[in-house]
Amino acid sequence: MRILIFFLAASLLFAENGKGLKMPSIFSDNMVLQQNSKVAVWGLSNPGDEITIKASWNESAKATADQNGKWMAHLITPSAGGPYLLKVTDSKSEIEFKNVLIGEVWLCSGQSNMEMPLEGWPPTDTVANSKEVIANATNKNIRFFTVTIAISEKPEFDCVGRWEESNPETAAKFSATAYFFGKKLYEELNIPVGLIHSSWGGTPIEAWTGAKYISTVEEYKDIVEKLKNARKEIDRLKAWLAEKPTIDINSIKSPTPWKGLDLNDSQCAKPGFDDSAWKTMELPVKWESTEMGNFDGVVWFRKNIKIKNEWINKELTLELGPIDDMDVTYVNGVKIGGYEEGGYWQTDRIYKIPAELAKDQNLTVAVRVVDTQGGGGIWGSSEKMKLRPTDSNESVSLAGEWKYLPVAEYYGGKLYLFDVKNAEYYKRPKLSVEYSAFTPTLLFNGMIAPLIPYNIKGAIWYQGESNTGNPELYKKLFPLMIKNWREEWGLGDFAFYYVQIAPYNYGPNVESQKLREAQLMTLSVPNTGMSVTLDIGNPNNIHPANKKDVGERLARWALAKDYGKKIDFSGPIYKSMKIEGNKIILTFDYTDGGLVVKEIDGDNNFLIAGNDKVFKKAKVEIKDDKLIVFSDSVENPAAVRYCWDNISEGTLFNKAGLPASSFRTDNWD
């Protein structure tokens, strides 16, 4: 779900005017530095101090801290190898980094399909063959760095994270797509690979773009200015939150860390509890669309119900529909059910109420909802919210007005607790601007800027689902973000390879094929490549299980373009069309030995139309490396479309088995 975040963990580590030698967390034991480069090394010290960097591969560099204590040096790295030591000293202290490798470093970013770990988000969002992959994940030459989710109104100096070696424990929690990408590189190159993972589920591309660049887009000029003007408000909010008690979820050594958490909120379940100060919310709903807005954390919902006399002393069934993400549900202060681990956000909650709890007409239903990411709340259809006798279909609706109170905010692995008795959440300082992971620039500031200018070979990107509502704007935003990152890093047009979003049933109001088209058009940006997933998606799940092929298809681009491997790397890309009589002849790039059509249930997912713009199902024939498209119903064809909807799956491949992108030959609306 979307999350309202008020302070970066980086600000908890140190202030930029702090005394002594300090370095950002991207430098740690187990790190991988880019081979055969002059890598940037930077940090903080006392103004005027001389900093010396010495590497055990017999290279050194020096820098002097400026008036703000900032310093930067550039250190020559050798060809791949290690492990090495790296020592950084100033006039009073020394930092030593151990087990450093030299190899290939890649940034891996995007939204939930990049974030999705090898262990998945069971039971519905799983990664194929994950148990076997995790069990065999030990490899000291593959290293991970995961940036803890964070937002900021200004570019940050640091983030929270650390380099780790690949093993079953670390790989299970790491991005599956990034893991398979890195593993393929290692298998082909046999040199160390460092993967920097910085992603956040459900987030739009504008949040990953810096202010200087996004402000050039007319739609976002105002928000950049508003953020600048709201800094004092944001500072007040940060100070208010910093006073709250916390629970570190990441420190709880349990496979179910959310289970049985004591937030000093148990009174919220009791029927006699005074909830008169609580506000109301119409359920079902994702709470992001309500006054509460973007929020991750713990929220209580309460509703008093009067049942029929004939229901008294009978077992009842409570149905709430799906709850995102977790819940514990009480009736008259007694727990009757719950899902206290992640992965059940699409699961309908259906709980039995024992007859002894229905002693009279009055029932108090209290639901503690925990949401850690993405949309949150009791969010299904009104028809799914009801109460009935277990032995009867007669029911009363529970949809409508419920009281609610947020009691804890979740950020960066920690819960920040609010006082329940005083309904403290409602006293939170207000902001004049949205401050969330969906706000333009905030993820760039909090999760990308702290990594710059750490030397990388390139980046991989898996995002787009959250921008399907405006594909035309994405045509501007995607190339702009790539330009932003490349210019900020100052490494030239480094490789940027990305995943085209897979088929998914977004509903009738979304045309995700146009977002795929925007991604296809981004191939015009120099040194980019696109991994097509039309054949390995799941129209009923936005998080497809096959992450292995996704990562390996990205790796094919890198192996071919950056490492000189003779390997097929792209499926067919539509190039041109020619009309001959009642047929349209299509040509493609990357046919690699010819074309293959694999029909799905007798359908090839090609459409053809005349100038009337009425598309009919088409037949196709392969001739050499061309595709001939026609229909008996279209005498004078004018245009062809392929997989031109939300859910059509890929049928067109080259002989290497790589799928073609969806495309259209027309530009009709």
# chains A, B, ... in the order shown; residues from 1 in each chain; ligands from 1
>>> residues_around(residues="region 610-626 of chain A", least_positions_apart="6", cutoff="7 Å", atoms="only C-alpha atoms", output="number ranges by chain")
A: 585-587, 591, 594-595, 634, 636-639
>>> residues_around(residues="Glu94 (chain A)", least_positions_apart="2", cutoff="12 Å", atoms="only C-alpha atoms", output="list in words")
Gly20, Leu21, Lys22, Met23, Ser45, Ile51, Thr52, Ile53, Lys54, Leu86, Lys87, Val88, Thr89, Asp90, Ser91, Lys92, Glu96 and Phe97 of chain A
>>> write_last_selection(atoms="C-alpha atoms", output="PDB file, in the first residue's frame")
ATOM      1  CA  GLY A  20      34.365  12.980  12.391  1.00  0.00           C
ATOM      2  CA  LEU A  21      34.805  10.625   9.477  1.00  0.00           C
ATOM      3  CA  LYS A  22      31.582   9.184   8.156  1.00  0.00           C
ATOM      4  CA  MET A  23      30.648   7.434   4.921  1.00  0.00           C
ATOM      5  CA  SER A  45      34.730  14.683   7.800  1.00  0.00           C
ATOM      6  CA  ILE A  51      41.232  12.052   3.638  1.00  0.00           C
ATOM      7  CA  THR A  52      43.328   9.179   2.354  1.00  0.00           C
ATOM      8  CA  ILE A  53      41.913   6.080   0.674  1.00  0.00           C
ATOM      9  CA  LYS A  54      44.167   3.045   0.432  1.00  0.00           C
ATOM     10  CA  LEU A  86      39.814  -0.686   1.636  1.00  0.00           C
ATOM     11  CA  LYS A  87      40.920   1.812   4.291  1.00  0.00           C
ATOM     12  CA  VAL A  88      39.700   5.390   4.579  1.00  0.00           C
ATOM     13  CA  THR A  89      41.394   7.716   7.086  1.00  0.00           C
ATOM     14  CA  ASP A  90      41.280  11.351   8.131  1.00  0.00           C
ATOM     15  CA  SER A  91      43.339  13.154  10.762  1.00  0.00           C
ATOM     16  CA  LYS A  92      41.663  11.408  13.692  1.00  0.00           C
ATOM     17  CA  GLU A  96      38.201  -0.242   7.144  1.00  0.00           C
ATOM     18  CA  PHE A  97      36.049  -2.143   4.689  1.00  0.00           C
TER      19      PHE A  97
END
>>> closest_atom_pairs(of="region 447-504 of chain A", to="region 553-569 of chain A", cutoff="9 Å", atoms="only C-alpha atoms", output="tab-separated table")
residue	atom	partner	partner_atom	distance
A:Lys457	CA	A:Asp562	CA	8.6
A:Gly458	CA	A:Ala558	CA	8.7
A:Ile460	CA	A:Leu554	CA	7.4
A:Ala495	CA	A:Asp562	CA	7.7
A:Tyr497	CA	A:Leu554	CA	6.4
A:Tyr498	CA	A:Leu554	CA	7.1
A:Val499	CA	A:Leu554	CA	7.5
>>> select_by_dssp(residues="region 12-84 of chain A", states="strand (DSSP E or B)", output="ChimeraX atom specification")
/A:22,32-34,38-44,50-55,59-64,70-76,81-84
>>> write_last_selection(atoms="C-alpha atoms", output="compact mmCIF listing (two decimals), in the first residue's frame")
# COMPACT_ATOMS: atom_id res chain seq x y z
CA LYS A 22 31.58 9.18 8.16
CA VAL A 32 31.42 -4.74 -4.96
CA LEU A 33 33.23 -1.95 -6.80
CA GLN A 34 33.04 -1.54 -10.57
CA LYS A 38 37.92 5.40 -11.44
CA VAL A 39 35.27 4.79 -8.79
CA ALA A 40 33.88 7.62 -6.70
CA VAL A 41 34.51 7.35 -2.95
CA TRP A 42 32.92 10.01 -0.75
CA GLY A 43 31.84 10.92 2.73
CA LEU A 44 31.97 13.49 5.53
CA GLU A 50 42.71 15.47 4.39
CA ILE A 51 41.23 12.05 3.64
CA THR A 52 43.33 9.18 2.35
CA ILE A 53 41.91 6.08 0.67
CA LYS A 54 44.17 3.05 0.43
CA ALA A 55 43.21 -0.17 -1.32
CA GLU A 59 46.03 1.98 -5.38
CA SER A 60 45.33 5.08 -3.29
CA ALA A 61 43.60 8.45 -3.56
CA LYS A 62 43.30 11.63 -1.53
CA ALA A 63 40.66 14.29 -0.94
CA THR A 64 40.13 17.36 1.26
CA LYS A 70 31.99 16.91 2.33
CA TRP A 71 34.74 15.18 0.37
CA MET A 72 35.09 12.98 -2.70
CA ALA A 73 37.95 11.10 -4.31
CA HIS A 74 38.33 8.77 -7.28
CA LEU A 75 40.08 5.46 -6.87
CA ILE A 76 41.38 3.29 -9.72
CA GLY A 81 38.87 -10.09 -8.38
CA GLY A 82 39.23 -10.01 -4.61
CA PRO A 83 38.55 -10.11 -1.78
CA TYR A 84 40.36 -6.89 -0.87
>>> closest_residue(among="A:Gly120, A:Pro406, A:Gly201, A:Pro429", to="Leu263 (chain A)", atoms="only C-alpha atoms")
A:Pro406
>>> closest_residue(among="A:Ile149, A:Ile350, A:Leu415, A:Val433", to="Ile247 (chain A)", atoms="only C-alpha atoms")
A:Leu415
>>> closest_atom_pairs(of="region 499-606 of chain A", to="region 465-472 of chain A", cutoff="12 Å", atoms="only C-alpha atoms", output="CSV")
residue,atom,partner,partner_atom,distance
A:Val499,CA,A:Glu465,CA,11.0
A:Gln500,CA,A:Glu465,CA,9.7
A:Ile501,CA,A:Glu465,CA,6.8
A:Ala502,CA,A:Glu465,CA,9.0
A:Pro503,CA,A:Glu465,CA,10.3
A:Tyr504,CA,A:Glu465,CA,9.3
A:Asn505,CA,A:Glu465,CA,11.2
A:Tyr506,CA,A:Thr468,CA,8.8
A:Gly507,CA,A:Thr468,CA,11.1
A:Pro508,CA,A:Gly469,CA,11.5
A:Asn509,CA,A:Gly469,CA,8.4
A:Val510,CA,A:Gly469,CA,6.2
A:Glu511,CA,A:Thr468,CA,6.9
A:Ser512,CA,A:Thr468,CA,5.4
A:Gln513,CA,A:Thr468,CA,8.6
A:Lys514,CA,A:Pro471,CA,5.7
A:Leu515,CA,A:Pro471,CA,4.6
A:Arg516,CA,A:Pro471,CA,8.3
A:Glu517,CA,A:Pro471,CA,8.2
A:Ala518,CA,A:Pro471,CA,6.4
A:Gln519,CA,A:Pro471,CA,9.1
A:Leu520,CA,A:Pro471,CA,11.6
A:Met521,CA,A:Glu472,CA,11.1
A:Ile542,CA,A:Glu465,CA,8.4
A:His543,CA,A:Glu465,CA,10.4
>>> select_by_dssp(residues="region 172-291 of chain A", states="alpha helix (DSSP H)", output="JSON, numbers by chain")
{"A": [172, 173, 176, 177, 178, 179, 180, 181, 182, 183, 184, 185, 186, 187, 188, 189, 211, 212, 213, 214, 221, 222, 223, 224, 225, 226, 227, 228, 229, 231, 232, 233, 234, 235, 236, 237, 238, 239, 240, 241, 242]}
>>> write_last_selection(atoms="N, CA and C atoms", output="compact mmCIF listing (two decimals), in the first residue's frame")
# COMPACT_ATOMS: atom_id res chain seq x y z
N ALA A 172 16.62 -15.06 -0.28
CA ALA A 172 15.17 -15.20 -0.11
C ALA A 172 14.49 -13.85 -0.01
N LYS A 173 15.17 -12.89 0.60
CA LYS A 173 14.60 -11.57 0.83
C LYS A 173 14.91 -10.59 -0.29
N ALA A 176 13.68 -10.96 -6.76
CA ALA A 176 13.81 -12.15 -7.60
C ALA A 176 14.31 -11.80 -9.00
N THR A 177 13.73 -10.76 -9.59
CA THR A 177 14.17 -10.37 -10.94
C THR A 177 15.64 -10.00 -10.94
N ALA A 178 16.06 -9.20 -9.96
CA ALA A 178 17.47 -8.80 -9.88
C ALA A 178 18.37 -10.00 -9.63
N TYR A 179 17.92 -10.91 -8.79
CA TYR A 179 18.73 -12.10 -8.50
C TYR A 179 18.98 -12.92 -9.77
N PHE A 180 17.92 -13.20 -10.52
CA PHE A 180 18.09 -14.01 -11.73
C PHE A 180 18.94 -13.28 -12.77
N PHE A 181 18.82 -11.96 -12.83
CA PHE A 181 19.67 -11.17 -13.71
C PHE A 181 21.13 -11.33 -13.31
N GLY A 182 21.42 -11.12 -12.04
CA GLY A 182 22.80 -11.21 -11.57
C GLY A 182 23.37 -12.60 -11.67
N LYS A 183 22.55 -13.60 -11.37
CA LYS A 183 23.00 -14.98 -11.45
C LYS A 183 23.40 -15.35 -12.88
N LYS A 184 22.60 -14.91 -13.85
CA LYS A 184 22.92 -15.19 -15.25
C LYS A 184 24.22 -14.50 -15.66
N LEU A 185 24.41 -13.27 -15.23
CA LEU A 185 25.66 -12.58 -15.54
C LEU A 185 26.85 -13.34 -14.96
N TYR A 186 26.71 -13.78 -13.72
CA TYR A 186 27.83 -14.49 -13.08
C TYR A 186 28.13 -15.80 -13.82
N GLU A 187 27.08 -16.53 -14.18
CA GLU A 187 27.29 -17.81 -14.86
C GLU A 187 28.01 -17.62 -16.20
N GLU A 188 27.71 -16.53 -16.89
CA GLU A 188 28.31 -16.30 -18.21
C GLU A 188 29.67 -15.63 -18.13
N LEU A 189 29.88 -14.78 -17.12
CA LEU A 189 31.11 -13.99 -17.05
C LEU A 189 32.12 -14.54 -16.06
N ALA A 211 13.79 16.69 -9.12
CA ALA A 211 13.02 17.93 -9.27
C ALA A 211 13.44 18.72 -10.50
N LYS A 212 14.73 18.81 -10.77
CA LYS A 212 15.22 19.59 -11.92
C LYS A 212 14.60 19.08 -13.22
N TYR A 213 14.37 17.82 -13.31
CA TYR A 213 13.89 17.20 -14.55
C TYR A 213 12.36 17.15 -14.60
N ILE A 214 11.74 16.74 -13.51
CA ILE A 214 10.28 16.61 -13.53
C ILE A 214 9.62 17.97 -13.64
N LYS A 221 4.98 20.96 -12.58
CA LYS A 221 5.64 22.19 -12.14
C LYS A 221 5.13 22.63 -10.78
N ASP A 222 3.82 22.57 -10.57
CA ASP A 222 3.23 23.06 -9.33
C ASP A 222 3.66 22.24 -8.13
N ILE A 223 3.70 20.91 -8.26
CA ILE A 223 4.01 20.08 -7.10
C ILE A 223 5.44 20.29 -6.64
N VAL A 224 6.36 20.52 -7.56
CA VAL A 224 7.75 20.77 -7.17
C VAL A 224 7.84 22.05 -6.35
N GLU A 225 7.12 23.07 -6.78
CA GLU A 225 7.13 24.34 -6.05
C GLU A 225 6.44 24.19 -4.69
N LYS A 226 5.35 23.44 -4.65
CA LYS A 226 4.64 23.23 -3.38
C LYS A 226 5.50 22.49 -2.37
N LEU A 227 6.24 21.50 -2.83
CA LEU A 227 7.13 20.78 -1.93
C LEU A 227 8.20 21.70 -1.35
N LYS A 228 8.71 22.58 -2.18
CA LYS A 228 9.72 23.52 -1.73
C LYS A 228 9.14 24.44 -0.64
N ASN A 229 7.91 24.88 -0.85
CA ASN A 229 7.28 25.80 0.10
C ASN A 229 6.80 25.11 1.37
N ARG A 231 8.47 22.84 3.20
CA ARG A 231 9.54 22.20 3.97
C ARG A 231 9.41 22.43 5.47
N LYS A 232 8.98 23.61 5.87
CA LYS A 232 8.81 23.86 7.31
C LYS A 232 7.70 22.99 7.89
N GLU A 233 6.63 22.83 7.13
CA GLU A 233 5.54 21.94 7.57
C GLU A 233 6.05 20.52 7.73
N ILE A 234 6.83 20.07 6.75
CA ILE A 234 7.36 18.70 6.78
C ILE A 234 8.30 18.52 7.96
N ASP A 235 9.11 19.53 8.24
CA ASP A 235 10.02 19.46 9.40
C ASP A 235 9.24 19.35 10.71
N ARG A 236 8.13 20.09 10.83
CA ARG A 236 7.31 19.99 12.04
C ARG A 236 6.74 18.59 12.19
N LEU A 237 6.32 18.03 11.08
CA LEU A 237 5.76 16.69 11.11
C LEU A 237 6.81 15.66 11.51
N LYS A 238 8.01 15.80 10.97
CA LYS A 238 9.11 14.90 11.33
C LYS A 238 9.41 14.98 12.82
N ALA A 239 9.46 16.19 13.34
CA ALA A 239 9.76 16.37 14.77
C ALA A 239 8.68 15.74 15.64
N TRP A 240 7.43 15.87 15.21
CA TRP A 240 6.32 15.29 15.97
C TRP A 240 6.42 13.76 16.00
N LEU A 241 6.71 13.17 14.87
CA LEU A 241 6.82 11.71 14.81
C LEU A 241 8.02 11.20 15.58
N ALA A 242 9.11 11.96 15.55
CA ALA A 242 10.34 11.52 16.21
C ALA A 242 10.16 11.33 17.70
>>> residues_around(residues="region 281-286 of chain A", least_positions_apart="6", cutoff="7 Å", atoms="only C-alpha atoms", output="ChimeraX atom specification")
/A:375-382,399-404
>>> atom_distance(atom1="CA of Gly602 (chain A)", atom2="CA of Asn654 (chain A)")
19.4 Å
>>> closest_residue(among="A:Ser215, A:Thr209, A:Ser392, A:Ser93", to="Pro479 (chain A)", atoms="only C-alpha atoms")
A:Thr209
>>> closest_residue(among="A:Trp345, A:Asn313, A:Gln267, A:Gln361", to="Tyr330 (chain A)", atoms="only C-alpha atoms")
A:Gln267
>>> decode(residues="region 199-251 of chain A", atoms="C-alpha atoms", output="CSV table (one decimal), in the first residue's frame")
chain,number,residue,atom,x,y,z
A,199,SER,CA,12.4,-0.3,-5.5
A,200,TRP,CA,9.0,0.3,-4.0
A,201,GLY,CA,5.8,-1.5,-4.9
A,202,GLY,CA,2.9,0.5,-6.5
A,203,THR,CA,4.9,3.6,-7.2
A,204,PRO,CA,4.8,5.8,-10.3
A,205,ILE,CA,7.8,6.8,-12.4
A,206,GLU,CA,7.4,10.5,-11.5
A,207,ALA,CA,8.4,9.7,-7.9
A,208,TRP,CA,11.7,8.3,-9.2
A,209,THR,CA,12.6,11.5,-11.1
A,210,GLY,CA,14.5,14.4,-9.7
A,211,ALA,CA,13.0,17.9,-9.3
A,212,LYS,CA,15.2,19.6,-11.9
A,213,TYR,CA,13.9,17.2,-14.6
A,214,ILE,CA,10.3,16.6,-13.5
A,215,SER,CA,9.7,20.4,-13.3
A,216,THR,CA,10.2,20.6,-17.0
A,217,VAL,CA,7.0,18.6,-17.4
A,218,GLU,CA,4.0,21.0,-17.3
A,219,GLU,CA,1.9,18.6,-15.2
A,220,TYR,CA,4.4,18.6,-12.4
A,221,LYS,CA,5.6,22.2,-12.1
A,222,ASP,CA,3.2,23.1,-9.3
A,223,ILE,CA,4.0,20.1,-7.1
A,224,VAL,CA,7.7,20.8,-7.2
A,225,GLU,CA,7.1,24.3,-6.1
A,226,LYS,CA,4.6,23.2,-3.4
A,227,LEU,CA,7.1,20.8,-1.9
A,228,LYS,CA,9.7,23.5,-1.7
A,229,ASN,CA,7.3,25.8,0.1
A,230,ALA,CA,6.1,23.0,2.5
A,231,ARG,CA,9.5,22.2,4.0
A,232,LYS,CA,8.8,23.9,7.3
A,233,GLU,CA,5.5,21.9,7.6
A,234,ILE,CA,7.4,18.7,6.8
A,235,ASP,CA,10.0,19.5,9.4
A,236,ARG,CA,7.3,20.0,12.0
A,237,LEU,CA,5.8,16.7,11.1
A,238,LYS,CA,9.1,14.9,11.3
A,239,ALA,CA,9.8,16.4,14.8
A,240,TRP,CA,6.3,15.3,16.0
A,241,LEU,CA,6.8,11.7,14.8
A,242,ALA,CA,10.3,11.5,16.2
A,243,GLU,CA,8.9,11.8,19.7
A,244,LYS,CA,6.8,8.6,19.4
A,245,PRO,CA,7.7,5.2,20.8
A,246,THR,CA,8.8,2.6,18.2
A,247,ILE,CA,8.8,-1.1,17.6
A,248,ASP,CA,11.5,-2.4,15.3
A,249,ILE,CA,9.7,-5.1,13.2
A,250,ASN,CA,13.0,-6.0,11.5
A,251,SER,CA,14.5,-7.0,14.8
